[in-house]
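Novice: Below is a structure I'd like to ask you about.
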Amino acid sequence: MQLQSKLPHVGLTIFTQMSQLASAHGALNLSQGFPDFDAPDALKDAVQRHVQAGHNQYAPMTGIAALREQVASKIARLYRNPVCAEQEVTITPGATQALFCAIQTLVRVGDEVIVFDPCYDSYEPAVTLAGGRCVHIALNSPDFSVDWQIFADALTERTRLVIINSPHNPSGALLRQADLNQLADLIRERDIYLLSDEVYEHLVFDGQLHSSVLAHEELYQRACVVSSFGKTYHVTGWKTGYMVAPPALTEELRKVHQYVSFCAVTPLQYALADFMQAQPEHVDQLPAFYQHKRDQLCQALQYSRFTFVPTASTYFQLLDYRNIRDDLNDVQMAHWLTTEHGVASIPLSVFYQRPPTEQYLLRVCFAKRAQTLELAGEKLCAI
Ligand code: PMP
Ligand code: GLN
């Protein structure tokens, strides 16, 4: 028998490749995005407490009520949207699973899905498996903003879904309120849904604000908004996230979710609910916490030969290496840096359908301890 692949163009993700290369060469791993510091003690203690208390069987399919209520009250506080915890919030095993469920719910065979390049790697395989086709629009260079005229020109009768991601991985660019208004204007008269990946919603710097689709009354009516506890609470390995959508859409999302995983991990949900209730200010402190790390990295690289603009959001910084090696493309450069200089990063071109020529950008993750950032600075300045 010969298995015909449903994803013939998919290999190991760049995150797995670069993390493996980093480990094989004992390099500092600034590639895959995850903290090298631990979760808050109160959160770890809460997991232990709930495991010991016997919260070890299936959670409700939609997520435990206490966590859904914490998410709803955070959304009401930050985005002034009084979402219903019962009918609009669903806890999922990771944002990736939520994105997958939303795409399977909304995309039918032959549908077109608009995505913006550089584009997070999990969207397109999910669209392909649903029988849809991604239409890629490149973000503007060098600021990664959206050209709404190109977007308008890309709309067809078959466009079913638009996927946006702000704060944006890998560039750290932000969509503004004016962008959301433009988007609303352009899809108002069409049967198009919106999937908004906002996993870095709390990592926005320099006093700027995150423009959430949850705060956009019109767009929210046709949207599924996805976030991840992993980024917000320094627990990427817990793979716990959530999706928020109006009741009728949530009903359909849950039909898929209940057969993809049924529910998310029980004691982790209890622990997150306790922590969110005890420390609602955690999310308000995150911008300063990560801005400090961004600034530490940028300062450490001040006298390096990399050029960069301090990132506006996320825990990723882009570095332009053209002054160092313009003879290498970014994939080659990421390998060279890892094997020869002991620092692993992520090349940007892998997130494009058609990588731009003359782009020499690598992404490094600064969700790291002070000493890791210092060491990274030393290694990168030595090049
Ligand atoms: N979307 C984006 C843009 C991400 O960067 C990530 C994770 N790194 C995810 C989704 C997935 O989040 P999770 O780990 O909760 O599945
Ligand atoms: N989202 C993380 C990143 O951008 C990686 C997650 C993964 O490894 N799939 O680095």
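Residue numbering restarts at 1 for every chain of the structure tokens, chains are lettered A, B, ... in their displayed order, and ligands are numbered from 1 as they appear.
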What's around Arg68 (chain A) at 8 Å? Count only C-alpha atoms, leave out sequence neighbours fewer than 5 positions away in its own chain, and write the answer as a PyMOL selection string.

Specialist: chain A and resi 63+85-86+89-91

Novice: Next, dump the selected residues to file, keeping only C-alpha atoms, as a short mmCIF file (atom, residue, chain, number, x, y, z; two decimals), in the first residue's frame.

Specialist:
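result.cif, written as the output of this step:
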```cif
data_model
loop_
_atom_site.label_atom_id
_atom_site.label_comp_id
_atom_site.auth_asym_id
_atom_site.auth_seq_id
_atom_site.Cartn_x
_atom_site.Cartn_y
_atom_site.Cartn_z
CA GLY A 63 -13.74 23.91 30.14
CA ALA A 85 -18.59 32.51 30.02
CA GLU A 86 -21.17 29.80 29.38
CA VAL A 89 -15.73 30.95 26.02
CA THR A 90 -14.25 27.49 25.37
CA ILE A 91 -11.05 26.19 26.98
#
```

Novice: Grab me every residue within 10 Å of ligand 1, counting only C-alpha atoms and all ligand atoms, and send it over as a ChimeraX atom specification.

Specialist: /A:15,32-34,92-100,119-123,164-170,196-200,226-232,235-242,314-316

Novice: Keeping only C-alpha atoms, write those residues as a PDB file, in the first residue's frame.

Specialist:
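Wrote it out as out_31.pdb, contents follow:
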```pdb
ATOM      1  CA  PHE A  15      10.845  25.202  15.543  1.00  0.00           C
ATOM      2  CA  GLN A  32      11.558  28.257  19.385  1.00  0.00           C
ATOM      3  CA  GLY A  33       9.557  30.712  21.485  1.00  0.00           C
ATOM      4  CA  PHE A  34       9.453  29.654  25.128  1.00  0.00           C
ATOM      5  CA  THR A  92      -8.853  24.153  24.611  1.00  0.00           C
ATOM      6  CA  PRO A  93      -5.665  22.103  24.857  1.00  0.00           C
ATOM      7  CA  GLY A  94      -3.531  24.930  23.453  1.00  0.00           C
ATOM      8  CA  ALA A  95      -4.162  27.774  21.030  1.00  0.00           C
ATOM      9  CA  THR A  96      -3.014  25.477  18.205  1.00  0.00           C
ATOM     10  CA  GLN A  97      -5.971  23.195  18.839  1.00  0.00           C
ATOM     11  CA  ALA A  98      -8.350  26.160  18.987  1.00  0.00           C
ATOM     12  CA  LEU A  99      -7.029  27.446  15.640  1.00  0.00           C
ATOM     13  CA  PHE A 100      -7.397  23.981  14.126  1.00  0.00           C
ATOM     14  CA  CYS A 119       2.428  33.657   8.541  1.00  0.00           C
ATOM     15  CA  TYR A 120       2.440  31.377  11.592  1.00  0.00           C
ATOM     16  CA  ASP A 121       3.067  27.847  10.427  1.00  0.00           C
ATOM     17  CA  SER A 122       0.010  26.013  11.786  1.00  0.00           C
ATOM     18  CA  TYR A 123      -2.647  27.829   9.745  1.00  0.00           C
ATOM     19  CA  ILE A 164      -5.092  37.762  11.398  1.00  0.00           C
ATOM     20  CA  ASN A 165      -2.396  37.627  14.072  1.00  0.00           C
ATOM     21  CA  SER A 166      -1.697  40.659  16.217  1.00  0.00           C
ATOM     22  CA  PRO A 167       0.608  41.026  18.100  1.00  0.00           C
ATOM     23  CA  HIS A 168       2.330  39.408  15.170  1.00  0.00           C
ATOM     24  CA  ASN A 169       4.669  36.426  15.283  1.00  0.00           C
ATOM     25  CA  PRO A 170       7.389  36.698  13.961  1.00  0.00           C
ATOM     26  CA  SER A 196      -7.962  36.352  15.218  1.00  0.00           C
ATOM     27  CA  ASP A 197      -4.850  34.807  16.748  1.00  0.00           C
ATOM     28  CA  GLU A 198      -4.085  36.988  19.772  1.00  0.00           C
ATOM     29  CA  VAL A 199      -1.823  34.681  21.777  1.00  0.00           C
ATOM     30  CA  TYR A 200       0.593  37.570  22.507  1.00  0.00           C
ATOM     31  CA  VAL A 226      -7.874  32.647  20.152  1.00  0.00           C
ATOM     32  CA  SER A 227      -5.404  33.050  23.013  1.00  0.00           C
ATOM     33  CA  SER A 228      -2.964  30.908  24.982  1.00  0.00           C
ATOM     34  CA  PHE A 229      -2.292  30.621  28.704  1.00  0.00           C
ATOM     35  CA  GLY A 230       1.148  29.336  27.729  1.00  0.00           C
ATOM     36  CA  LYS A 231       2.469  32.772  26.726  1.00  0.00           C
ATOM     37  CA  THR A 232       0.743  34.718  29.462  1.00  0.00           C
ATOM     38  CA  VAL A 235       3.806  27.702  30.777  1.00  0.00           C
ATOM     39  CA  THR A 236       4.070  26.920  27.059  1.00  0.00           C
ATOM     40  CA  GLY A 237       4.373  23.216  27.900  1.00  0.00           C
ATOM     41  CA  TRP A 238       0.949  23.144  29.512  1.00  0.00           C
ATOM     42  CA  LYS A 239      -0.665  23.545  26.096  1.00  0.00           C
ATOM     43  CA  THR A 240      -3.778  25.254  27.432  1.00  0.00           C
ATOM     44  CA  GLY A 241      -5.598  27.982  25.532  1.00  0.00           C
ATOM     45  CA  TYR A 242      -9.065  29.234  24.738  1.00  0.00           C
ATOM     46  CA  THR A 314       5.550  39.639  21.413  1.00  0.00           C
ATOM     47  CA  TYR A 315       8.706  38.107  22.873  1.00  0.00           C
ATOM     48  CA  PHE A 316      10.511  38.116  19.548  1.00  0.00           C
TER      49      PHE A 316
END
```

Novice: Mind checking which residues fall within 12 Å of Asp45 (chain A), counting only C-alpha atoms, ignoring those fewer than 4 positions away in the same chain, and posting them as a PyMOL selection string?

Specialist: chain A and resi 39-41+49-52+267-268+270-272+274-275

Novice: Using only C-alpha atoms and all ligand atoms, can you tell me which of A:Gln296, A:Gln48, A:Ser345, A:Thr266 comes closest to ligand 2?

Specialist: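 Among A:Gln296, A:Gln48, A:Ser345, A:Thr266, it is A:Ser345 that comes nearest to ligand 2.
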
Novice: Region 123-364 of chain A: which residues are helix (DSSP H, G or I) by DSSP, as a VMD selection string?

Specialist: chain A and resid 123 to 129 148 to 154 177 to 187 213 to 215 217 to 220 229 to 232 236 to 238 247 to 260 266 to 278 282 to 300 330 to 341 349 to 351

Novice: Could you check the closest approach to ligand 2 for each of A:Gln104, A:Ser171, A:Gln182, A:Thr62 and tell me which residue wins, using only C-alpha atoms and all ligand atoms?

Specialist: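 Among A:Gln104, A:Ser171, A:Gln182, A:Thr62, it is A:Ser171 that comes nearest to ligand 2.
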
Novice: What does the structure give for the distance between CA of Leu174 (chain A) and CA of Phe116 (chain A), in Å to one decimal?

Specialist: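 Computing it gives 12.8 Å between the two atoms.
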
Novice: Give the answer as one residue: which of A:Gln2, A:Ser304, A:Gln299, A:Ser19 has the shortest atom-to-atom distance to Leu373 (chain A), using only C-alpha atoms?

Specialist: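 That would be A:Gln299, the residue with the smallest distance to Leu373 (chain A).
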
Novice: Looking at A:Leu214, A:Ile14, A:Ala130, A:Cys263, which one is nearest to ligand 2, with distances taken over only C-alpha atoms and all ligand atoms?

Specialist: A:Ile14

Novice: Which one of A:Pro310, A:Pro287, A:Pro118, A:Pro60 sits closest to ligand 2 if you count only C-alpha atoms and all ligand atoms?

Specialist: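 Smallest distance to ligand 2 is found for A:Pro118.
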
Novice: May I have the residues within 7 Å of region 337-340 of chain A as a PDB file with C-alpha atoms, in the first residue's frame, using only C-alpha atoms and disregarding those fewer than 3 positions away in the same chain?

Specialist:
```pdb
ATOM      1  CA  ALA A  22      20.638  24.033  19.046  1.00  0.00           C
ATOM      2  CA  HIS A  25      25.534  21.912  19.027  1.00  0.00           C
ATOM      3  CA  ALA A  27      23.946  26.442  21.311  1.00  0.00           C
ATOM      4  CA  MET A 333      22.577  32.069   8.240  1.00  0.00           C
ATOM      5  CA  ALA A 334      20.496  30.529  11.050  1.00  0.00           C
ATOM      6  CA  VAL A 343      23.184  30.959  19.019  1.00  0.00           C
ATOM      7  CA  ALA A 344      20.041  29.450  17.492  1.00  0.00           C
TER       8      ALA A 344
END
```

Novice: Check region 28-245 of chain A with DSSP on the backbone and list each residue it calls strand (DSSP E or B), as a PyMOL selection string.

Specialist: chain A and resi 28-29+89-92+112-117+133-138+159-165+193-197+204+223-228+241-244

Novice: Would you export the selected residues with N, CA and C atoms as a tab-separated table (two decimals), in the first residue's frame, please?

Specialist:
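In the end it all went to out.tsv:
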```tsv
chain	number	residue	atom	x	y	z
A	28	LEU	N	22.97	28.33	22.48
A	28	LEU	CA	21.89	29.03	23.19
A	28	LEU	C	20.67	28.96	22.31
A	29	ASN	N	19.54	28.53	22.87
A	29	ASN	CA	18.37	28.37	22.02
A	29	ASN	C	17.44	29.59	22.09
A	89	VAL	N	-17.14	31.26	25.70
A	89	VAL	CA	-15.73	30.95	26.02
A	89	VAL	C	-15.55	29.43	26.08
A	90	THR	N	-14.54	28.93	25.36
A	90	THR	CA	-14.25	27.49	25.37
A	90	THR	C	-12.76	27.29	25.66
A	91	ILE	N	-12.45	26.48	26.65
A	91	ILE	CA	-11.05	26.19	26.98
A	91	ILE	C	-10.58	25.03	26.10
A	92	THR	N	-9.37	25.17	25.55
A	92	THR	CA	-8.85	24.15	24.61
A	92	THR	C	-7.46	23.70	25.03
A	112	GLU	N	-11.58	29.79	0.03
A	112	GLU	CA	-10.30	30.50	0.12
A	112	GLU	C	-10.16	31.16	1.48
A	113	VAL	N	-8.94	31.12	1.99
A	113	VAL	CA	-8.65	31.70	3.30
A	113	VAL	C	-7.50	32.68	3.13
A	114	ILE	N	-7.72	33.92	3.52
A	114	ILE	CA	-6.66	34.91	3.36
A	114	ILE	C	-5.76	34.91	4.59
A	115	VAL	N	-4.46	34.78	4.35
A	115	VAL	CA	-3.47	34.85	5.43
A	115	VAL	C	-2.40	35.87	5.03
A	116	PHE	N	-1.72	36.38	6.03
A	116	PHE	CA	-0.71	37.42	5.78
A	116	PHE	C	0.68	36.84	6.05
A	117	ASP	N	1.57	36.98	5.07
A	117	ASP	CA	2.93	36.46	5.21
A	117	ASP	C	3.86	37.57	5.71
A	133	ARG	N	-8.06	26.56	0.54
A	133	ARG	CA	-6.80	27.02	-0.07
A	133	ARG	C	-6.43	28.36	0.54
A	134	CYS	N	-5.17	28.48	0.95
A	134	CYS	CA	-4.72	29.76	1.50
A	134	CYS	C	-4.34	30.71	0.38
A	135	VAL	N	-4.79	31.94	0.50
A	135	VAL	CA	-4.37	33.02	-0.40
A	135	VAL	C	-3.45	33.90	0.44
A	136	HIS	N	-2.17	33.94	0.02
A	136	HIS	CA	-1.17	34.63	0.84
A	136	HIS	C	-1.00	36.08	0.40
A	137	ILE	N	-1.04	36.99	1.36
A	137	ILE	CA	-0.76	38.39	1.08
A	137	ILE	C	0.48	38.77	1.89
A	138	ALA	N	1.48	39.32	1.21
A	138	ALA	CA	2.70	39.68	1.95
A	138	ALA	C	2.48	40.99	2.71
A	159	THR	N	-13.89	33.62	-0.97
A	159	THR	CA	-13.22	33.93	0.30
A	159	THR	C	-14.18	33.63	1.45
A	160	ARG	N	-13.73	32.80	2.38
A	160	ARG	CA	-14.61	32.38	3.47
A	160	ARG	C	-14.10	32.86	4.83
A	161	LEU	N	-12.76	33.00	4.91
A	161	LEU	CA	-12.16	33.27	6.22
A	161	LEU	C	-10.92	34.14	6.03
A	162	VAL	N	-10.70	35.04	6.99
A	162	VAL	CA	-9.46	35.81	7.04
A	162	VAL	C	-8.81	35.47	8.38
A	163	ILE	N	-7.51	35.19	8.34
A	163	ILE	CA	-6.81	34.91	9.60
A	163	ILE	C	-5.85	36.06	9.88
A	164	ILE	N	-6.03	36.71	11.02
A	164	ILE	CA	-5.09	37.76	11.40
A	164	ILE	C	-4.37	37.36	12.68
A	165	ASN	N	-3.21	37.97	12.90
A	165	ASN	CA	-2.40	37.63	14.07
A	165	ASN	C	-1.73	38.90	14.56
A	193	TYR	N	-15.78	35.08	7.54
A	193	TYR	CA	-15.50	35.02	8.99
A	193	TYR	C	-14.07	35.50	9.25
A	194	LEU	N	-13.82	35.73	10.54
A	194	LEU	CA	-12.51	36.22	10.95
A	194	LEU	C	-11.97	35.33	12.07
A	195	LEU	N	-10.73	34.89	11.89
A	195	LEU	CA	-10.06	34.14	12.96
A	195	LEU	C	-8.91	35.01	13.44
A	196	SER	N	-8.95	35.41	14.71
A	196	SER	CA	-7.96	36.35	15.22
A	196	SER	C	-7.08	35.66	16.25
A	197	ASP	N	-5.82	35.47	15.87
A	197	ASP	CA	-4.85	34.81	16.75
A	197	ASP	C	-4.18	35.88	17.60
A	204	VAL	N	2.76	43.78	24.84
A	204	VAL	CA	2.76	44.97	23.99
A	204	VAL	C	3.51	46.08	24.73
A	223	ALA	N	-16.42	36.66	14.43
A	223	ALA	CA	-15.03	36.26	14.73
A	223	ALA	C	-14.92	35.14	15.75
A	224	CYS	N	-13.79	34.45	15.63
A	224	CYS	CA	-13.33	33.57	16.70
A	224	CYS	C	-11.96	34.13	17.13
A	225	VAL	N	-11.83	34.45	18.41
A	225	VAL	CA	-10.58	35.01	18.94
A	225	VAL	C	-9.90	33.94	19.78
A	226	VAL	N	-8.62	33.74	19.50
A	226	VAL	CA	-7.87	32.65	20.15
A	226	VAL	C	-6.75	33.22	21.00
A	227	SER	N	-6.56	32.66	22.20
A	227	SER	CA	-5.40	33.05	23.01
A	227	SER	C	-4.83	31.82	23.72
A	228	SER	N	-3.70	32.04	24.40
A	228	SER	CA	-2.96	30.91	24.98
A	228	SER	C	-2.51	31.26	26.39
A	241	GLY	N	-5.21	26.72	26.16
A	241	GLY	CA	-5.60	27.98	25.53
A	241	GLY	C	-7.11	28.13	25.55
A	242	TYR	N	-7.61	29.08	24.80
A	242	TYR	CA	-9.07	29.23	24.74
A	242	TYR	C	-9.48	29.92	23.45
A	243	MET	N	-10.77	29.74	23.12
A	243	MET	CA	-11.33	30.47	21.97
A	243	MET	C	-12.62	31.13	22.43
A	244	VAL	N	-12.84	32.33	21.90
A	244	VAL	CA	-14.01	33.12	22.27
A	244	VAL	C	-14.72	33.50	20.98
```

Novice: Find the spatial neighbours of Lys368 (chain A), counting only C-alpha atoms, within a cut-off of 7 Å - ignore same-chain residues fewer than 4 positions away - and output them as a PDB file with C-alpha atoms, in the first residue's frame.

Specialist:
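Result file is selection.pdb:
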```pdb
ATOM      1  CA  PRO A  35      10.756  31.028  28.429  1.00  0.00           C
ATOM      2  CA  ASP A  36      13.909  29.564  29.967  1.00  0.00           C
ATOM      3  CA  PHE A  37      12.639  30.678  33.393  1.00  0.00           C
ATOM      4  CA  THR A 372      20.980  34.054  29.016  1.00  0.00           C
ATOM      5  CA  LEU A 373      20.394  37.421  27.355  1.00  0.00           C
TER       6      LEU A 373
END
```

Novice: How many Å separate atom 3 (C, counted along the ligand's line) of ligand 2 from CA of Ala66 (chain A)?

Specialist: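 The value is 28.6 Å.
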